[in-house]
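Notes follow once the structure below has been shown.
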Amino acid sequence: MKDTIKELIKYSQLIAAQDLVLGSSGNISLKSGKDMLIKASGLCMSEAQSADFLKVALKNLAYKSKKLKPSCEAKMHAICYAMRPDINCVIHTHPLYATTLVSCAIKPRLISPEFILSIGSELKIVEYVCPGTEKLAEKVGQAVKNSDIVYLKNHGLLAVGKTLKEAYTRTLLAEQMAKMQIIAQLLGKNLKGLSAVQSKKLLAHLQGK
Ligand SMILES: [Zn+2]
C-alpha cells in the first residue's frame with residue numbers, strides 16, 4: 001500500500017510538472033482489489049501527499065474518510081475498471097493541445113508509430129457532457145471499452161493502462177501528437193497521419209508476421 005501511494009504521488013507530480021492539469025483539476029486512480037485509491041476532491045496534483053488519496057469501493061463508491069471526499073469523477077474511474085478488467089490505472093487530465101484539437105472538432109491524426117504501438121489506432125472522442133456527472137461516466141465507460149485513450153470535447157483526456165507509467169505515457173503521447181498537428185496547421189501545412197495500411201503493417205512487423 002505504501003509503495004502504491006508513493007507511485008500515485010510520483011505520477012501526480014509528473015502530471016502537474018508537464019502542465020497536463022491546472023490547480024486542482026484532473027484525477028488519478030489505481031485499482032486495488034475491489035477498491036480503488038483515488039485523488040481526493042480539491043487536491044492539487046502538484047502538492048500531492050499520502051493523506052490525499054482515498055480508498056473507494058468500486059462497487060458502490062463507499063469510503064470511510066470524514067475529512068476528504070473522493071474526486072467528483074470517481075464514478076468515471078469506477079466505470080472504466082468495470083468495463084476494462086485488464087487495466088489497473090486511470091489518469092484524467094486537461095492537456096492544452098489535445099483538448100484544443102478535439103474541442104475544435106478536429107480529429108486527432110495517427111502521426112507517430114510510437115503512438116500506434118502504445119495505444120493502437122482506435123481513438124474515441126466523447127461529446128461535451130457536464131463534468132462530474134453520471135452521464136459523463138457512462139459515455140466514457142462506453143468509449144473506453146475499445147480504446148486506451150478517450151478525448152473529452154471542451155474538457156480533457158482520459159488514459160487507462162496496466163500501470164501508472166503506461167497510462168501516463170499514453171497521456172503524453174496523445175498530447176505530443178496533438179501538439180504536432182496544431183503546429184503543422186499553424187505553419188499552414190497538412191500533416192498527414194499514418195494510413196490504415198501503414199498502421200497495420202507496423203503492427204504486423206512487430207508481431208513478426
Ligand atoms: Zn476534468
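Ligands are numbered from 1 in the order shown, residues from 1 within each chain, and chains are lettered A, B, ... in the order they appear in the C-alpha cells.
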Find the nearest atom pair between each residue of chain A and ligand 1 for residues within 7 Å, count only C-alpha atoms and all ligand atoms, give distances in Å to one decimal, sort rows by chain and ascending number, and present the table as CSV.
```
residue,atom,partner,partner_atom_place_in_ligand_line,distance
A:Ser25,CA,ligand 1,1 (Zn),6.1
A:Gly26,CA,ligand 1,1 (Zn),5.0
A:His92,CA,ligand 1,1 (Zn),6.5
A:Thr93,CA,ligand 1,1 (Zn),6.2
A:His94,CA,ligand 1,1 (Zn),6.2
A:Pro131,CA,ligand 1,1 (Zn),6.2
A:His155,CA,ligand 1,1 (Zn),5.9
A:Gly156,CA,ligand 1,1 (Zn),6.0
```
For C-alpha atoms, I'd like the residues from the last selection saved as a PDB file, in the first residue's frame.
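Final output, saved to again.pdb:
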```pdb
ATOM      1  CA  SER A  25      -8.214  19.758 -11.882  1.00  0.00           C
ATOM      2  CA  GLY A  26      -7.696  16.229 -13.174  1.00  0.00           C
ATOM      3  CA  HIS A  92      -7.758  12.047 -16.324  1.00  0.00           C
ATOM      4  CA  THR A  93      -6.064  15.303 -17.334  1.00  0.00           C
ATOM      5  CA  HIS A  94      -6.843  18.608 -19.069  1.00  0.00           C
ATOM      6  CA  PRO A 131     -18.041  17.097 -15.720  1.00  0.00           C
ATOM      7  CA  HIS A 155     -12.909  19.165 -21.182  1.00  0.00           C
ATOM      8  CA  GLY A 156      -9.805  16.976 -21.431  1.00  0.00           C
TER       9      GLY A 156
END
```
Residue list (strand (DSSP E or B), DSSP) for chain A, as a PyMOL selection string: chain A and resi 27-32+35-40+53-57+70+89-93+124-126+149-152+156-161
Prev. selection, C-alpha atoms, output as a compact mmCIF listing (two decimals), in the first residue's frame:
```
# COMPACT_ATOMS: atom_id res chain seq x y z
CA ASN A 27 -7.68 12.98 -11.25
CA ILE A 28 -5.74 9.77 -10.93
CA SER A 29 -6.56 6.34 -9.55
CA LEU A 30 -5.12 2.89 -9.08
CA LYS A 31 -7.15 -0.31 -8.67
CA SER A 32 -6.56 -2.27 -5.50
CA ASP A 35 -11.35 -0.85 -4.31
CA MET A 36 -9.50 1.98 -5.97
CA LEU A 37 -7.17 4.54 -4.49
CA ILE A 38 -8.20 7.88 -5.92
CA LYS A 39 -7.24 11.50 -5.57
CA ALA A 40 -9.37 13.47 -3.13
CA PHE A 53 -5.67 9.62 -1.58
CA LEU A 54 -8.80 7.76 -0.52
CA LYS A 55 -9.77 4.12 -0.72
CA VAL A 56 -13.13 3.91 -2.50
CA ALA A 57 -15.16 0.74 -3.15
CA PRO A 70 -13.17 11.42 -3.45
CA CYS A 89 -4.93 2.70 -13.60
CA VAL A 90 -6.93 5.66 -14.87
CA ILE A 91 -5.49 9.13 -15.44
CA HIS A 92 -7.76 12.05 -16.32
CA THR A 93 -6.06 15.30 -17.33
CA LYS A 124 -12.55 7.70 -29.10
CA ILE A 125 -13.99 11.19 -28.75
CA VAL A 126 -16.83 11.94 -26.31
CA ILE A 149 -7.42 6.90 -24.78
CA VAL A 150 -10.65 8.91 -24.66
CA TYR A 151 -10.75 12.56 -25.74
CA LEU A 152 -13.41 14.68 -23.97
CA GLY A 156 -9.81 16.98 -21.43
CA LEU A 157 -8.46 13.49 -21.85
CA LEU A 158 -8.64 10.12 -20.13
CA ALA A 159 -6.00 7.42 -20.44
CA VAL A 160 -6.01 3.93 -18.98
CA GLY A 161 -3.25 1.38 -18.54
```
Residue among A:Ala51, A:Leu172, A:Leu20, A:Ala78 lying closest to Ile5 (chain A), counting only C-alpha atoms: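 Residue with the minimum atom-to-atom distance to Ile5 (chain A): A:Ala51.
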Between CA of Ile182 (chain A) and CA of Leu194 (chain A), distance in Å (one decimal): 16.4 Å
Residues flagged helix (DSSP H, G or I) by DSSP in region 2-90 of chain A, as a PyMOL selection string: chain A and resi 2-17+45-47+50-52+74-83
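Taking CA of Leu43 (chain A) and CA of Leu22 (chain A) as endpoints, the distance between them is 11.0 Å.
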Pick from A:Asp3, A:Glu73, A:Asp19, A:Glu138, whichever lies nearest to Gly42 (chain A) using only C-alpha atoms: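 Closest to Gly42 (chain A) of all the choices is A:Glu73.
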One-decimal distance in Å that lies between CA of Ala178 (chain A) and CA of Gly193 (chain A):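 Distance between the two atoms: 11.3 Å.
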Nearest residue to Ile87 (chain A) from the set A:Ile116, A:Cys44, A:Val102, A:Leu164 (distances using only C-alpha atoms): A:Leu164
